[in-house]
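Listing of query02.cif, mmCIF, C-alpha atoms and all ligand atoms
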data_work
#
loop_
_atom_site.label_atom_id
_atom_site.label_comp_id
_atom_site.auth_asym_id
_atom_site.auth_seq_id
_atom_site.Cartn_x
_atom_site.Cartn_y
_atom_site.Cartn_z
CA MET Z 12 -8.97 -21.25 -22.20
CA GLN Z 13 -10.84 -18.37 -23.82
CA ASP Z 14 -10.14 -14.76 -22.78
CA SER Z 15 -13.72 -14.32 -21.65
CA GLN Z 16 -13.60 -17.34 -19.36
CA LEU Z 17 -11.28 -15.93 -16.72
CA SER Z 18 -13.42 -14.89 -13.78
CA SER Z 19 -12.54 -11.86 -11.68
CA GLU Z 20 -12.89 -14.08 -8.61
CA VAL Z 21 -9.41 -15.45 -9.24
CA LEU Z 22 -7.85 -12.00 -8.78
CA PRO Z 23 -6.25 -10.96 -5.50
CA GLN Z 24 -8.66 -8.95 -3.36
CA HIS Z 25 -6.00 -7.01 -1.50
CA ILE Z 26 -2.63 -6.06 -2.99
CA ALA Z 27 0.14 -4.46 -0.92
CA ILE Z 28 3.15 -2.81 -2.53
CA ILE Z 29 6.58 -1.83 -1.23
CA MET Z 30 7.45 0.90 -3.70
CA ASP Z 31 11.24 0.69 -3.75
CA GLY Z 32 14.09 1.84 -5.97
CA ASN Z 33 13.30 5.52 -6.53
CA GLY Z 34 16.77 6.61 -5.41
CA ARG Z 35 18.67 4.08 -7.53
CA TRP Z 36 16.52 4.87 -10.56
CA ALA Z 37 17.39 8.56 -10.26
CA LYS Z 38 21.07 7.92 -9.53
CA GLU Z 39 21.44 5.78 -12.65
CA ARG Z 40 20.23 8.80 -14.59
CA GLY Z 41 22.64 11.15 -12.85
CA LYS Z 42 19.79 12.91 -11.01
CA PRO Z 43 19.16 13.61 -7.32
CA ARG Z 44 17.16 10.99 -5.39
CA VAL Z 45 14.14 13.26 -5.09
CA PHE Z 46 13.79 13.17 -8.88
CA GLY Z 47 13.03 9.46 -8.46
CA HIS Z 48 10.46 10.13 -5.76
CA LYS Z 49 8.67 12.62 -8.00
CA LYS Z 50 8.67 10.19 -10.90
CA GLY Z 51 7.38 7.54 -8.49
CA VAL Z 52 4.15 9.51 -8.15
CA ASP Z 53 3.34 8.74 -11.81
CA ALA Z 54 3.80 5.05 -11.07
CA VAL Z 55 1.40 5.36 -8.12
CA ARG Z 56 -1.19 6.94 -10.38
CA LYS Z 57 -0.86 4.20 -13.03
CA THR Z 58 -1.02 1.45 -10.43
CA ILE Z 59 -4.15 2.82 -8.79
CA THR Z 60 -5.91 3.31 -12.12
CA THR Z 61 -5.09 -0.21 -13.28
CA ALA Z 62 -6.07 -1.86 -9.99
CA ALA Z 63 -9.37 0.04 -9.90
CA LYS Z 64 -10.14 -0.92 -13.50
CA LEU Z 65 -9.56 -4.56 -12.59
CA GLY Z 66 -12.00 -4.30 -9.70
CA ILE Z 67 -9.41 -5.00 -6.99
CA LYS Z 68 -10.96 -4.40 -3.58
CA ALA Z 69 -8.01 -2.78 -1.80
CA VAL Z 70 -4.48 -1.57 -2.52
CA THR Z 71 -2.03 -0.69 0.26
CA LEU Z 72 1.08 1.32 -0.62
CA PHE Z 73 4.17 1.71 1.57
CA ALA Z 74 5.01 5.40 1.21
CA PHE Z 75 7.10 6.12 4.31
CA SER Z 76 8.34 3.69 6.93
CA SER Z 77 8.94 4.37 10.60
CA GLU Z 78 12.64 3.81 9.78
CA ASN Z 79 12.70 6.34 6.93
CA TRP Z 80 13.15 9.23 9.43
CA ARG Z 81 16.79 8.13 9.53
CA ARG Z 82 17.32 9.43 6.00
CA PRO Z 83 19.05 12.78 5.46
CA GLU Z 84 16.92 15.64 6.75
CA ASP Z 85 16.50 17.28 3.35
CA GLU Z 86 15.25 14.05 1.75
CA VAL Z 87 12.71 13.55 4.56
CA GLY Z 88 11.59 17.18 4.15
CA LEU Z 89 11.16 16.76 0.40
CA LEU Z 90 9.20 13.55 0.86
CA MET Z 91 6.84 15.32 3.28
CA GLU Z 92 6.37 18.22 0.84
CA LEU Z 93 5.68 15.76 -1.95
CA PHE Z 94 3.17 13.96 0.22
CA ILE Z 95 1.28 17.22 0.89
CA THR Z 96 1.37 18.24 -2.78
CA VAL Z 97 0.14 14.86 -3.98
CA LEU Z 98 -2.63 14.71 -1.37
CA SER Z 99 -3.83 18.12 -2.51
CA SER Z 100 -3.64 17.43 -6.22
CA GLU Z 101 -4.81 13.81 -6.37
CA VAL Z 102 -7.54 13.51 -3.79
CA LYS Z 103 -10.22 15.12 -5.97
CA ARG Z 104 -9.49 12.66 -8.73
CA LEU Z 105 -9.70 9.74 -6.30
CA HIS Z 106 -13.00 11.08 -5.02
CA LYS Z 107 -14.37 11.50 -8.54
CA ASN Z 108 -13.56 7.86 -9.19
CA ASN Z 109 -15.36 6.75 -6.02
CA LEU Z 110 -12.15 5.57 -4.27
CA ARG Z 111 -11.75 5.65 -0.51
CA LEU Z 112 -8.41 6.93 0.77
CA ARG Z 113 -7.00 6.03 4.16
CA ILE Z 114 -3.67 6.63 5.80
CA ILE Z 115 -2.33 3.91 8.08
CA GLY Z 116 0.54 4.52 10.50
CA ASP Z 117 1.38 6.85 13.35
CA VAL Z 118 0.39 10.17 11.81
CA SER Z 119 0.89 12.05 15.10
CA ARG Z 120 4.55 12.59 14.20
CA PHE Z 121 3.71 14.54 11.05
CA ASN Z 122 3.49 18.33 11.07
CA PRO Z 123 0.01 19.78 11.73
CA ARG Z 124 -0.41 20.96 8.13
CA LEU Z 125 0.08 17.44 6.82
CA GLN Z 126 -2.16 15.96 9.51
CA ARG Z 127 -4.92 18.35 8.48
CA LYS Z 128 -4.53 17.40 4.80
CA ILE Z 129 -4.76 13.72 5.75
CA GLU Z 130 -7.93 14.28 7.77
CA GLN Z 131 -9.55 16.27 4.97
CA ALA Z 132 -8.69 13.65 2.34
CA GLU Z 133 -10.04 10.81 4.47
CA GLU Z 134 -13.18 12.75 5.30
CA LEU Z 135 -13.91 13.65 1.66
CA THR Z 136 -13.69 10.05 0.46
CA ARG Z 137 -15.08 8.31 3.57
CA HIS Z 138 -18.39 7.23 2.05
CA ASN Z 139 -17.09 6.15 -1.34
CA THR Z 140 -17.84 2.57 -2.30
CA GLY Z 141 -15.10 1.78 -4.84
CA MET Z 142 -11.56 0.54 -4.25
CA VAL Z 143 -9.95 1.30 -0.90
CA LEU Z 144 -6.52 2.91 -1.18
CA ASN Z 145 -4.46 2.67 1.99
CA VAL Z 146 -1.28 4.69 2.16
CA ALA Z 147 1.15 3.56 4.86
CA ALA Z 148 2.92 6.61 6.23
CA ASN Z 149 5.19 6.52 9.28
CA TYR Z 150 4.08 2.94 9.36
CA GLY Z 151 5.86 -0.07 10.85
CA GLY Z 152 4.50 -3.60 11.18
CA LYS Z 153 5.90 -3.85 14.71
CA TRP Z 154 4.29 -0.53 15.62
CA ASP Z 155 0.95 -1.82 14.32
CA ILE Z 156 1.01 -4.97 16.46
CA THR Z 157 2.21 -2.96 19.46
CA GLN Z 158 -0.57 -0.37 19.21
CA ALA Z 159 -3.15 -3.17 19.01
CA ALA Z 160 -1.64 -4.85 22.11
CA LYS Z 161 -1.70 -1.51 23.93
CA GLN Z 162 -5.41 -0.99 23.24
CA LEU Z 163 -6.22 -4.46 24.52
CA ALA Z 164 -4.03 -3.98 27.61
CA GLN Z 165 -5.92 -0.78 28.36
CA GLN Z 166 -9.22 -2.65 28.22
CA VAL Z 167 -7.86 -5.27 30.59
CA ALA Z 168 -6.67 -2.51 32.94
CA ASN Z 169 -10.17 -0.98 32.81
CA GLY Z 170 -11.70 -4.33 33.71
CA GLU Z 171 -13.57 -4.51 30.40
CA LEU Z 172 -11.67 -7.59 29.25
CA THR Z 173 -9.77 -10.49 30.80
CA PRO Z 174 -6.47 -11.84 29.38
CA GLU Z 175 -8.37 -15.04 28.49
CA ASP Z 176 -10.61 -13.03 26.15
CA ILE Z 177 -7.61 -12.17 23.99
CA ASP Z 178 -7.28 -14.44 20.99
CA GLU Z 179 -6.23 -13.97 17.37
CA SER Z 180 -9.57 -12.66 16.22
CA LYS Z 181 -9.65 -10.14 19.10
CA MET Z 182 -6.14 -8.93 18.18
CA ALA Z 183 -7.10 -8.72 14.51
CA GLN Z 184 -9.86 -6.24 15.37
CA TYR Z 185 -7.26 -3.69 16.50
CA ILE Z 186 -4.65 -4.20 13.78
CA SER Z 187 -4.80 -1.64 10.94
CA MET Z 188 -7.26 -2.41 8.14
CA SER Z 189 -9.27 -4.84 10.27
CA ASP Z 190 -12.27 -4.21 8.02
CA LEU Z 191 -10.45 -5.47 4.91
CA PRO Z 192 -9.43 -8.96 3.84
CA ASP Z 193 -5.81 -9.85 4.62
CA VAL Z 194 -3.29 -9.12 1.88
CA ASP Z 195 -3.13 -11.90 -0.69
CA LEU Z 196 -0.44 -10.44 -2.94
CA LEU Z 197 2.62 -8.48 -1.80
CA ILE Z 198 4.72 -6.81 -4.49
CA ARG Z 199 8.19 -5.36 -3.86
CA THR Z 200 10.06 -3.57 -6.62
CA SER Z 201 13.80 -2.96 -7.12
CA GLY Z 202 15.03 -6.51 -6.54
CA GLU Z 203 15.12 -6.34 -2.73
CA CYS Z 204 13.60 -9.42 -1.08
CA ARG Z 205 12.59 -8.33 2.41
CA ILE Z 206 9.57 -6.95 4.24
CA SER Z 207 11.34 -3.93 5.81
CA ASN Z 208 8.85 -3.86 8.70
CA PHE Z 209 5.85 -3.35 6.41
CA LEU Z 210 2.63 -5.22 7.21
CA LEU Z 211 3.49 -8.26 9.37
CA TRP Z 212 0.20 -9.56 10.73
CA GLN Z 213 -1.69 -8.91 7.49
CA LEU Z 214 0.89 -10.76 5.35
CA ALA Z 215 0.59 -14.07 7.19
CA TYR Z 216 -0.56 -15.92 4.05
CA ALA Z 217 0.34 -13.49 1.27
CA GLU Z 218 2.05 -14.60 -1.92
CA MET Z 219 5.26 -12.59 -2.28
CA TYR Z 220 6.23 -11.20 -5.66
CA PHE Z 221 9.64 -9.59 -6.11
CA THR Z 222 10.50 -7.79 -9.32
CA PRO Z 223 13.79 -6.12 -10.34
CA VAL Z 224 11.87 -3.18 -11.88
CA TYR Z 225 12.55 0.12 -10.08
CA TRP Z 226 9.37 1.76 -8.76
CA PRO Z 227 9.39 4.78 -11.16
CA GLU Z 228 9.22 2.31 -14.07
CA PHE Z 229 6.37 0.25 -12.66
CA GLY Z 230 3.22 0.61 -14.76
CA GLU Z 231 0.07 -1.09 -16.01
CA ASP Z 232 1.94 -3.99 -17.61
CA SER Z 233 4.04 -4.57 -14.48
CA LEU Z 234 0.92 -4.84 -12.33
CA VAL Z 235 -0.79 -7.12 -14.82
CA GLU Z 236 2.31 -9.33 -14.85
CA ALA Z 237 2.35 -9.56 -11.06
CA ILE Z 238 -1.35 -10.43 -10.99
CA SER Z 239 -0.94 -13.13 -13.68
CA TRP Z 240 1.88 -14.62 -11.61
CA PHE Z 241 -0.45 -14.65 -8.59
CA VAL Z 242 -3.35 -16.22 -10.46
CA ASN Z 243 -1.10 -18.91 -11.92
CA ARG Z 244 0.33 -19.76 -8.50
CA GLU Z 245 -2.98 -19.81 -6.70
CA ARG Z 246 -5.05 -21.65 -9.25
CA ARG Z 247 -2.26 -23.66 -10.86
CA PHE Z 248 -3.36 -23.06 -14.41
CA GLY Z 249 -1.80 -21.01 -17.15
CA CYS Z 250 -3.47 -17.66 -17.65
CA THR Z 251 -1.95 -14.84 -19.65
CA GLY Z 252 -1.61 -11.11 -19.09
CA GLU Z 253 -4.04 -10.67 -21.98
CA GLN Z 254 -6.71 -12.54 -20.07
CA ILE Z 255 -6.13 -10.36 -17.03
CA LYS Z 256 -6.38 -7.22 -19.16
CA ALA Z 257 -9.64 -8.51 -20.61
CA LEU Z 258 -11.13 -8.14 -17.12
CA MET Z 259 -10.60 -4.39 -17.10
CA GLU Z 260 -13.73 -2.30 -17.34
CA LYS Z 261 -13.55 -0.24 -20.47
C1 LIG Z 301 11.47 4.02 -2.12
O1 LIG Z 301 12.62 4.29 -2.84
C2 LIG Z 301 10.76 5.28 -1.67
C3 LIG Z 301 10.79 5.52 -0.22
C4 LIG Z 301 11.33 4.74 0.67
C5 LIG Z 301 10.17 6.75 0.24
P1 LIG Z 301 14.00 4.47 -2.13
O2 LIG Z 301 14.16 5.90 -1.76
O3 LIG Z 301 14.15 3.51 -1.02
O4 LIG Z 301 15.03 4.12 -3.29
P2 LIG Z 301 16.36 3.28 -3.18
O5 LIG Z 301 16.02 1.99 -2.50
O6 LIG Z 301 17.31 4.09 -2.38
O7 LIG Z 301 16.80 3.08 -4.59
C1 LIG Z 302 10.79 0.42 2.44
O1 LIG Z 302 11.82 0.78 1.57
C2 LIG Z 302 9.95 1.61 2.75
C3 LIG Z 302 9.15 2.17 1.66
C4 LIG Z 302 9.05 1.71 0.45
C5 LIG Z 302 8.41 3.34 2.01
P1 LIG Z 302 13.27 1.15 2.11
O2 LIG Z 302 14.10 1.36 0.91
O3 LIG Z 302 13.18 2.26 3.08
O4 LIG Z 302 13.69 -0.19 2.89
P2 LIG Z 302 15.13 -0.73 3.26
O5 LIG Z 302 15.77 0.31 4.12
O6 LIG Z 302 15.87 -0.91 1.98
O7 LIG Z 302 14.89 -2.03 3.96
MG MG Z 303 14.93 1.63 -0.82
#
Please express what this file holds, its structure, as structure tokens.
Ligand code: IPE
Ligand code: IPE
Ligand code: MG
Amino acid sequence: MQDSQLSSEVLPQHIAIIMDGNGRWAKERGKPRVFGHKKGVDAVRKTITTAAKLGIKAVTLFAFSSENWRRPEDEVGLLMELFITVLSSEVKRLHKNNLRLRIIGDVSRFNPRLQRKIEQAEELTRHNTGMVLNVAANYGGKWDITQAAKQLAQQVANGELTPEDIDESKMAQYISMSDLPDVDLLIRTSGECRISNFLLWQLAYAEMYFTPVYWPEFGEDSLVEAISWFVNRERRFGCTGEQIKALMEK
């Protein structure tokens, strides 16, 4: 097969990533865990740039789980600070590149300053037409399904809906990212092979890719490798990373 023959239609439309291993990466270098989180931001930047160049429709990143509040208070505090700093520094660049940023999860638990930053970032990029970047923050897959069920229950209580009206497509309308295709490729770094309460509904048919690479070391080549693995599984033919790279807009 020639490089030019690979069509972008074979690429995943929606990639979700569990960015894991920041702490271990830092520890192996004798540094505090937060050093790994900071370095992880570079990996986020590289991943977004590569995915956008490939014309991927949506990328969803797991930044903070509903269980991550159990971490030591100072680590949680530093992660929140980092989140605010990155939102402030990166959102203009995302906007310039026509990306749409959205936060999924229960943001009501974040401090008001962070909630305001989130609103501003979403508002600024709302009408952009390029790749959608979803950042899952205080997100849990069980929370997502529960909040959808709650909205439907409320409609039943109001008499706007009967229990018989509730089917999978009705549920799907209230699950986060209902306007996007379901995830077709899930990537988890750092060698762990579990979902950790990330997207549950949206992963129903996703291919799962687990790599031993720690998140701070994930870069363009790592993403290209994951995508080649996906294409080879889905289409059952041998394509190379070079062919994937050939699809990038120069
Ligand atoms: C992922 O890295 C980042 C977040 C959960 C915020 P970890 O912090 O989980 O790193 P490890 O798994 O302890 O190495
Ligand atoms: C999942 O990673 C959450 C994020 C990447 C934000 P964790 O490192 O928190 O997951 P567990 O605790 O190992 O399952
Ligand atoms: Mg971890």
Checklist line | Nearest to ligand LIG 301 (chain Z), chosen from Z:Thr71, Z:Asn79, Z:Asn149, Z:Ser233, with only C-alpha atoms and all ligand atoms counted in the distances | finding: Z:Asn79
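Going from atom C4 of ligand LIG 301 (chain Z) over to CA of Leu135 in chain Z, you cover 26.8 Å.
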Write out, as a Markdown table, each residue of chain Z that has an atom at most 12 Å from ligand MG 303 (chain Z), together with the closest pair of atoms and their distance in Å to one decimal, counting only C-alpha atoms and all ligand atoms, rows going by chain and rising number.
| residue | atom | partner | partner_atom | distance |
| --- | --- | --- | --- | --- |
| Z:Ile29 | CA | Z:MG303 | MG | 9.0 |
| Z:Met30 | CA | Z:MG303 | MG | 8.0 |
| Z:Asp31 | CA | Z:MG303 | MG | 4.8 |
| Z:Gly32 | CA | Z:MG303 | MG | 5.2 |
| Z:Asn33 | CA | Z:MG303 | MG | 7.1 |
| Z:Gly34 | CA | Z:MG303 | MG | 7.0 |
| Z:Arg35 | CA | Z:MG303 | MG | 8.1 |
| Z:Trp36 | CA | Z:MG303 | MG | 10.4 |
| Z:Ala37 | CA | Z:MG303 | MG | 12.0 |
| Z:Arg44 | CA | Z:MG303 | MG | 10.7 |
| Z:Gly47 | CA | Z:MG303 | MG | 11.1 |
| Z:His48 | CA | Z:MG303 | MG | 10.8 |
| Z:Phe73 | CA | Z:MG303 | MG | 11.0 |
| Z:Ala74 | CA | Z:MG303 | MG | 10.8 |
| Z:Phe75 | CA | Z:MG303 | MG | 10.4 |
| Z:Ser76 | CA | Z:MG303 | MG | 10.4 |
| Z:Glu78 | CA | Z:MG303 | MG | 11.1 |
| Z:Asn79 | CA | Z:MG303 | MG | 9.3 |
| Z:Arg82 | CA | Z:MG303 | MG | 10.6 |
| Z:Arg199 | CA | Z:MG303 | MG | 10.2 |
| Z:Thr200 | CA | Z:MG303 | MG | 9.2 |
| Z:Ser201 | CA | Z:MG303 | MG | 7.9 |
| Z:Gly202 | CA | Z:MG303 | MG | 9.9 |
| Z:Glu203 | CA | Z:MG303 | MG | 8.2 |
| Z:Cys204 | CA | Z:MG303 | MG | 11.1 |
| Z:Arg205 | CA | Z:MG303 | MG | 10.7 |
| Z:Ile206 | CA | Z:MG303 | MG | 11.3 |
| Z:Ser207 | CA | Z:MG303 | MG | 9.4 |
| Z:Tyr225 | CA | Z:MG303 | MG | 9.7 |
| Z:Trp226 | CA | Z:MG303 | MG | 9.7 |
Selected residues written out, C-alpha atoms, as a JSON list (two decimals), in the frame of the given file:
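Now in again_16.json:
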[["chain", "number", "residue", "atom", "x", "y", "z"],
["Z", 29, "ILE", "CA", 6.58, -1.83, -1.23],
["Z", 30, "MET", "CA", 7.45, 0.90, -3.70],
["Z", 31, "ASP", "CA", 11.24, 0.69, -3.75],
["Z", 32, "GLY", "CA", 14.09, 1.84, -5.97],
["Z", 33, "ASN", "CA", 13.30, 5.52, -6.53],
["Z", 34, "GLY", "CA", 16.77, 6.61, -5.41],
["Z", 35, "ARG", "CA", 18.67, 4.08, -7.53],
["Z", 36, "TRP", "CA", 16.52, 4.87, -10.56],
["Z", 37, "ALA", "CA", 17.39, 8.56, -10.26],
["Z", 44, "ARG", "CA", 17.16, 10.99, -5.39],
["Z", 47, "GLY", "CA", 13.03, 9.46, -8.46],
["Z", 48, "HIS", "CA", 10.46, 10.13, -5.76],
["Z", 73, "PHE", "CA", 4.17, 1.71, 1.57],
["Z", 74, "ALA", "CA", 5.01, 5.40, 1.21],
["Z", 75, "PHE", "CA", 7.10, 6.12, 4.31],
["Z", 76, "SER", "CA", 8.34, 3.69, 6.93],
["Z", 78, "GLU", "CA", 12.64, 3.81, 9.78],
["Z", 79, "ASN", "CA", 12.70, 6.34, 6.93],
["Z", 82, "ARG", "CA", 17.32, 9.43, 6.00],
["Z", 199, "ARG", "CA", 8.19, -5.36, -3.86],
["Z", 200, "THR", "CA", 10.06, -3.57, -6.62],
["Z", 201, "SER", "CA", 13.80, -2.96, -7.12],
["Z", 202, "GLY", "CA", 15.03, -6.51, -6.54],
["Z", 203, "GLU", "CA", 15.12, -6.34, -2.73],
["Z", 204, "CYS", "CA", 13.60, -9.42, -1.08],
["Z", 205, "ARG", "CA", 12.59, -8.33, 2.41],
["Z", 206, "ILE", "CA", 9.57, -6.95, 4.24],
["Z", 207, "SER", "CA", 11.34, -3.93, 5.81],
["Z", 225, "TYR", "CA", 12.55, 0.12, -10.08],
["Z", 226, "TRP", "CA", 9.37, 1.76, -8.76]]
Check: Using all atoms listed in the file, which residue out of Z:Ala62, Z:Leu172, Z:Leu89, Z:Tyr185 lies closest to Ala160 in chain Z?
Finding: Z:Tyr185
Item checked: Z:Gly152, Z:Arg56, Z:Arg111, Z:Val118 ranked by distance to ligand LIG 302 (chain Z), top pick (using only C-alpha atoms and all ligand atoms) -> Z:Gly152
Note to self: Under the rule that only C-alpha atoms are counted, which of Z:Lys38, Z:Lys50, Z:Lys57, Z:Lys68 is the nearest residue to Leu191 in chain Z?
What the structure shows: Z:Lys68
Note to self: Please compute the CA of Tyr150 in chain Z-atom O7 of ligand LIG 302 (chain Z) distance, one decimal, in Å.
What the structure shows: 13.1 Å
Centre and edge lengths of an axis-aligned box around all listed atoms of ligand LIG 301 (chain Z), with 6 Å added on each side, are to be given in Å to one decimal, as lines of an AutoDock Vina configuration file.
center_x = 13.7
center_y = 4.4
center_z = -2.0
size_x = 19.1
size_y = 16.8
size_z = 17.3
Next item on the list: Compare Z:His138, Z:Arg113, Z:Arg81, Z:Arg40 by their minimum atom-to-atom distance to ligand LIG 302 (chain Z), counting all atoms listed in the file, and give me the closest one.
Entry: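 Ranked by minimum distance to ligand LIG 302 (chain Z), first place goes to Z:Arg81.
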Next item on the list: Can you work out which one of Z:Lys161, Z:Lys107, Z:Lys128, Z:Lys49 has the shortest atom-to-atom distance to ligand LIG 301 (chain Z), counting all atoms listed in the file?
Entry: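 The answer is Z:Lys49, which sits nearest to ligand LIG 301 (chain Z).
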Next item on the list: Quick one: pull the distance between CA of Ser77 in chain Z and CA of Gly41 in chain Z, Å, one decimal.
Entry: 28.0 Å
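When the distance limit is 9 Å and only C-alpha atoms are what count, the residues near Ala183 in chain Z, minus those fewer than 6 positions from it on the same chain, are Ala159, Ser189, Trp212 and Gln213 of chain Z.
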Writing out the chosen residues with C-alpha atoms as a PDB file, keeping the file's coordinate frame:
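Contents of the output file selection.pdb:
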ATOM      1  CA  ALA Z 159      -3.150  -3.170  19.010  1.00  0.00           C
ATOM      2  CA  SER Z 189      -9.270  -4.840  10.270  1.00  0.00           C
ATOM      3  CA  TRP Z 212       0.200  -9.560  10.730  1.00  0.00           C
ATOM      4  CA  GLN Z 213      -1.690  -8.910   7.490  1.00  0.00           C
TER       5      GLN Z 213
END
Notebook entry, point to check: Got a sec: who's within 8 Å of Leu65 in chain Z, counting all atoms listed in the file, leaving out chain neighbours fewer than 6 positions off, as JSON, numbers by chain?
Noted result: {"Z": [19, 256, 258, 259, 260]}
Give me range 101-115 of chain Z with N, CA and C atoms filled in, as a compact mmCIF listing (two decimals), in the frame of the given file.
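Result saved to rebuild.txt:
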# COMPACT_ATOMS: atom_id res chain seq x y z
N GLU Z 101 -4.23 15.08 -5.91
CA GLU Z 101 -4.81 13.81 -6.37
C GLU Z 101 -6.14 13.45 -5.74
N VAL Z 102 -6.40 14.02 -4.55
CA VAL Z 102 -7.54 13.51 -3.79
C VAL Z 102 -8.88 13.74 -4.51
N LYS Z 103 -8.97 14.85 -5.24
CA LYS Z 103 -10.22 15.12 -5.97
C LYS Z 103 -10.47 14.06 -7.02
N ARG Z 104 -9.38 13.67 -7.69
CA ARG Z 104 -9.49 12.66 -8.73
C ARG Z 104 -9.91 11.30 -8.13
N LEU Z 105 -9.33 10.99 -6.98
CA LEU Z 105 -9.70 9.74 -6.30
C LEU Z 105 -11.18 9.76 -5.96
N HIS Z 106 -11.61 10.91 -5.43
CA HIS Z 106 -13.00 11.08 -5.02
C HIS Z 106 -13.94 10.92 -6.22
N LYS Z 107 -13.56 11.57 -7.32
CA LYS Z 107 -14.37 11.50 -8.54
C LYS Z 107 -14.54 10.06 -9.01
N ASN Z 108 -13.51 9.26 -8.77
CA ASN Z 108 -13.56 7.86 -9.19
C ASN Z 108 -14.11 6.93 -8.11
N ASN Z 109 -14.68 7.52 -7.06
CA ASN Z 109 -15.36 6.75 -6.02
C ASN Z 109 -14.40 5.91 -5.16
N LEU Z 110 -13.11 6.30 -5.10
CA LEU Z 110 -12.15 5.57 -4.27
C LEU Z 110 -12.14 6.11 -2.85
N ARG Z 111 -11.84 5.24 -1.91
CA ARG Z 111 -11.75 5.65 -0.51
C ARG Z 111 -10.28 5.68 -0.11
N LEU Z 112 -9.83 6.81 0.39
CA LEU Z 112 -8.41 6.93 0.77
C LEU Z 112 -8.25 6.87 2.27
N ARG Z 113 -7.30 6.08 2.73
CA ARG Z 113 -7.00 6.03 4.16
C ARG Z 113 -5.51 6.01 4.38
N ILE Z 114 -5.08 6.66 5.44
CA ILE Z 114 -3.67 6.63 5.80
C ILE Z 114 -3.53 5.69 6.98
N ILE Z 115 -2.60 4.75 6.92
CA ILE Z 115 -2.33 3.91 8.08
C ILE Z 115 -0.93 4.22 8.60
